[in-house]
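K.L.:
Attaching a single structure in structure tokens format; questions to follow.
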Amino acid sequence: MNPKTIKYIIKRLILAVFTVWVVITLTFFIMHAVPGGPFMSEKAVSPAAQAALEAKYGLDKPLGVQYVTYLGDVIQLKLGPSLKQRGRMVIDIIGDGLKTSAKLGVIAAFLALAIGVVLGSVAALRRNTVLDRVIMIITTAFVSMPSFIVGSLLLVLFAIKFHVFPANGSTAAGLVLPVITLMLYPMSYITRLTRSSMLDVLGQDYIRTAKAKGVSKWRIIFVHALKNSLIPVITYFGPMLAYIVTGSLVVEQIFAVPGIGRAFVQSIINRDYTLIMGTTIVLATFIVIMNLVSDILYKVVDPRINLE
Amino acid sequence: MKKFVALMLAGAMIFSMAACGDSAVSGNAGAAAATGTESADAGTDAAATDAGTDTAAATGEGISVSIASEPASLDPALNSAVDGATMLVHLFSGLAKWEQKDDGTLELVPDCAEELVEGVENADGTVTYTYTLKDGLTWSDGQPVTAGDFLFAWNRAASVELGADYGYMFEVVDGYADIWADGATGDEKLNVEAPDDKTLVVTLTNAVPYWNELLAFPTYFPVREDVVANESWATDPSTYVNNGPYVMDSWEHNSVITLKKNDKFVDADTITMPQINFFLSDDANNMLTNFQNGDWQMIDDVPTNEIAQLKVDYPDEFKVEGQLGTYYVCWNINEDILPEGSGLSGVEAENARAEIRNAISLLFDRNYIVEEIGQAGQVPASSFVAMGLTDADGSEFYKNAGDNSGYIGYYNVDAAALQENFDKCIEVLKKYYDYDEATSQFTNFPSMTYLYNTSEGHKAIGEYLQSALSAVGITMNLENQEWNTFLETRKNGDYSIARNGWLADYNDPICFLDMWTTASGNNDVQFGRGDHEKTAAYDLDLTDLGYDTKVTGGTWADTYDVLINDIKSCTDTKTRYALMHKAEDLLMSTGAICPLYFYTDLYMIDKNLTGFFSNPLGYKYFMFCNY
């Protein structure tokens, strides 16, 4: 790696820290500006109990002081206890949710990648045949269908009508449907990306040269064409993974998967301040890092790109 | 070469992610095996397609149910939810418990206590109860349960330090008021003693009829000091020590809690259900799907829009039970609804507003609301204290409410009385507002806004109320707010008219009445606050019940607050209930509370599951089930 790249990475890392700080600050103050609070319930607790709880969690101090204290804790990687799930630490709740979401997201992402690349290549190599048309029609459909429709459809068909999979995402078999739901969009996108990129590469001079030199058809496809046509796919993969892991909220809701998305929404409804902050920080950091990684990868795989 | 490096890099990244995913998978499999569901499947080809269905249930080893999402806490002192309470009654054993008799009715029986003793009245009016604990009571880790554990648990639950939602459940115990008094030092304790390991002595400020019921309430369950010293004790099976019929076998957060029969439990031979899997879900559609699949044998929620069809499709499984709660509309007492230039002020204005609010209460067709909107067997309400609460003589309190002039409660909610109510309402409103005879509309009723929390059901009711009012020319706009925001707005009185609901904590009408005192945190109507503080519009005469109190033209604090205090210190059951009827009369005379219906509890249960029951508070009991 040349010094220029290293300098770039360092610059980006500093920027990433800054971005996360901005997210923390905005979330903190917006969250406290929203009406309601963590100790609000249909049956109001007595003012004395409310005061005791606020004192226990430091919520009785001025907002500025709370903010500074919180920043200090975050720097020491302390996310504190949940205000609503008494006795549980924010980090454990996030860990539990992230484990499930990551499992779901990673499986879906790799299935999407594997199937998408194959379908895309086939479509490119059989360009303008019936097969190509069918693949394109199907992928166009999945790209434009929102996940709550696909999810509900799968649920009705495979969980209720045919009883093939359970409707609850908390067991291993229960993850099949959410994985498929989550996978269809990126898979379709990758298919289309691979197809167009493959067509582009197949038209390049060096492919013609290889052909002229008498290289076998399969060697041309796998060694010369596929590798280069995957460059855009690889750069898409990072943000996609971040999107899948953090953005599977709807799918988690439909299939009752206990992931981070649900924890996030619940924390907001409950005004569980520490959990809202913790989830926001973890998700923001993850997205920032994935974007950084994909930018760096982009530079590495395609030297023509100037990072500056 | 560079491209190769890139691919390797991408590969490495991918691999590391996959590895992290793998560990999650194996962790899950381990947990599944621990619950015994995986092992039952081992070696069968069906495993691939059937792994998700509850095999334990299929082999008669246990049941899977879903009553709600992740409980906020399974610490008996901190829990304030019905679903948490359901799990806690399986995990803990208090001095008393609910049991179903052979004829299907429920009764309170001793649990840890040898018997539910009568109290002994002291010279100062306080009442002392002395309980003896049964022999052989143990915690799930084998240590004996002592009276000291109860003593500790009660003081902890009532403490300022813990700040539990239900700390006020100890209000009846002598010493509670000192703990929460201004200037308390923090050393105050409840008047409870444990002279030896088997004896618990508790003193109440005065006799309360629902004391045994409180003993069966989770807040009164024992916990052990060394166990709860770890603040996270109630979040993980490894640190969870309890004394009830079940032990917590596993808790996959947001997913499933598995309870297994506790062999150390003193009455273990009476427990028939070996294992209960509480699946944690907050999505009624998802619950229903799992029930229809046969994966879950009982679900405590169904999607509202499916109710009509479910009643037809599942006549044996679909259940409706009474619940001690009222769905109502509340007015902000300080909202001026009189027309401009009415010329009324002070007490006169308040009396006029009360008359108008009461008249508007007559306008709504409660039968339409329960039959067309609620569709869940709710009962049209004509009083605030809910159906299901008992009166002094054991009859239903709500049936004795109001003046009993040919109907139950404060208005006649019979479908046949609809026109009569409507005419009465118009007649009253005509006294204060301009009425256009040609269009049958009032022309100068100030427009109002109805506030409700975001939900399809509440919205549908809001729209009905809106249309009923607009039929007579009254404009009511609808505004919905997200739950937490809504609670704050309503609590602060920043509304004109709002959706409201209340569920009792125990079977005593005081649950519905003491919430309306001036200082109460649940006084959403804002009685005795703001302009209403000085409004001397109320009369109270208790001389017929042997009290000296006779107030004419008193404020809310002079009347209602005094009345509630009298109820709380009254030891004569008959007088106490008479006072509570008076309190409800006074409350309803303001017109600020407009009851719509009494809540019901809907659930679906597998018809092969026998021995199940639920108590009036909505707790579900699975321990005596067979499947």
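How things are named: the first chain in the structure tokens is A, the next is B, and so on; residues count from 1 in each chain; ligands count from 1 in the order shown.
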I need the contact residues of chain A against chain B, so if you could list those with any atom within 6 Å, counting only C-alpha atoms, and return them as a list in words, that would help.
P.N.:
Pro35, Gly36, Ala44, Val45, Ala49, Leu53, Gln85, Gly87, Arg88, Lys99, Lys103, Val164, Pro166, Ala167, Ser170, Thr171, Ala173, Pro258 and Val301 of chain A
K.L.:
Generate the output file for the selected residues, C-alpha atoms, as a PDB file, in the first residue's frame.
P.N.:
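Okay, again-v3.pdb is ready:
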```
ATOM      1  CA  PRO A  35     -41.988  14.355  24.712  1.00  0.00           C
ATOM      2  CA  GLY A  36     -42.357  11.459  27.115  1.00  0.00           C
ATOM      3  CA  ALA A  44     -48.256   6.859  36.502  1.00  0.00           C
ATOM      4  CA  VAL A  45     -45.620   6.245  39.146  1.00  0.00           C
ATOM      5  CA  ALA A  49     -40.660   7.314  42.712  1.00  0.00           C
ATOM      6  CA  LEU A  53     -35.475   6.780  39.381  1.00  0.00           C
ATOM      7  CA  GLN A  85     -35.266  -3.551  30.816  1.00  0.00           C
ATOM      8  CA  GLY A  87     -30.958  -5.207  35.163  1.00  0.00           C
ATOM      9  CA  ARG A  88     -29.803  -5.596  31.565  1.00  0.00           C
ATOM     10  CA  LYS A  99     -25.988 -11.673  16.647  1.00  0.00           C
ATOM     11  CA  LYS A 103     -26.617 -14.225  11.120  1.00  0.00           C
ATOM     12  CA  VAL A 164     -43.200 -26.005   5.448  1.00  0.00           C
ATOM     13  CA  PRO A 166     -42.539 -21.949  11.038  1.00  0.00           C
ATOM     14  CA  ALA A 167     -43.752 -18.365  11.092  1.00  0.00           C
ATOM     15  CA  SER A 170     -36.600 -17.490  16.673  1.00  0.00           C
ATOM     16  CA  THR A 171     -35.646 -21.004  15.585  1.00  0.00           C
ATOM     17  CA  ALA A 173     -35.832 -23.293  10.501  1.00  0.00           C
ATOM     18  CA  PRO A 258     -35.388 -10.883  17.580  1.00  0.00           C
ATOM     19  CA  VAL A 301      -9.405  -3.284  -7.193  1.00  0.00           C
TER      20      VAL A 301
END
```
K.L.:
Which value, in Å to one decimal, gives the distance between atom CA of A:Val215 and atom CA of A:Arg304?
P.N.:
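The value is 26.8 Å.
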K.L.:
At what distance in Å, to one decimal, does atom CA of B:Ile356 lie from atom CA of B:Thr535?
P.N.:
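Here the two named atoms are 17.0 Å from each other.
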K.L.:
For A:Leu202, list every protein, DNA or RNA residue within 7 Å, evaluated using only C-alpha atoms, and leave out those in the same chain fewer than 4 positions away; present the list as a VMD selection string.
P.N.:
chain A and resid 198 207 225
K.L.:
Using the chain letters and numbers from this document, which residues of stretch 292-531 of chain B does DSSP assign to helix (DSSP H, G or I), as an MDAnalysis selection string?
P.N.:
chainID B and resid 292:293 304:313 346:361 366:374 397:400 415:430 456:470 483:491 510:516 530:531
K.L.:
Between atom CA of B:Pro315 and atom CA of B:Ala376, measure the distance and give it in Å to one decimal.
P.N.:
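Rounded to one decimal, the two atoms are 13.2 Å apart.
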K.L.:
Let me make sure I understand: among A:Ile254, A:Leu63, A:Leu125, A:Val223, which one has the smallest atom-to-atom distance to A:Met31 if we use only C-alpha atoms?
P.N.:
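For A:Met31, the nearest of the candidates is A:Leu63.
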K.L.:
Would you mind listing what lies within 9 Å of B:Phe624 as a list in words, with only C-alpha atoms counted and same-chain residues fewer than 6 positions away left out?
P.N.:
Thr270, Ile271, Thr272, Met273, Thr610, Gly611, Phe612 and Phe613 of chain B
K.L.:
Report as JSON, numbers by chain: the residues of stretch 466-608 of chain B with a DSSP assignment of strand (DSSP E), based on the backbone of this structure.
P.N.:
{"B": [476, 477, 478, 479, 480, 481, 497, 498, 499, 500, 501, 502, 503, 538, 539, 540, 541, 550, 551, 552, 553, 554, 593, 594, 595, 596, 597, 598, 599, 600, 601, 602, 603, 604, 605]}
K.L.:
Considering only C-alpha atoms, state which residue in the set A:Gln66, A:Gln76, A:Thr5, A:Ser101 is at the smallest distance from A:Val251.
P.N.:
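Among the listed residues, the smallest separation from A:Val251 belongs to A:Ser101.
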K.L.:
Kindly indicate which residue among A:Leu241, A:Val68, A:Tyr273, A:Ile260 lies nearest to A:Ala33, using only C-alpha atoms for the distances.
P.N.:
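Ranking A:Leu241, A:Val68, A:Tyr273, A:Ile260 by distance to A:Ala33, first place goes to A:Tyr273.
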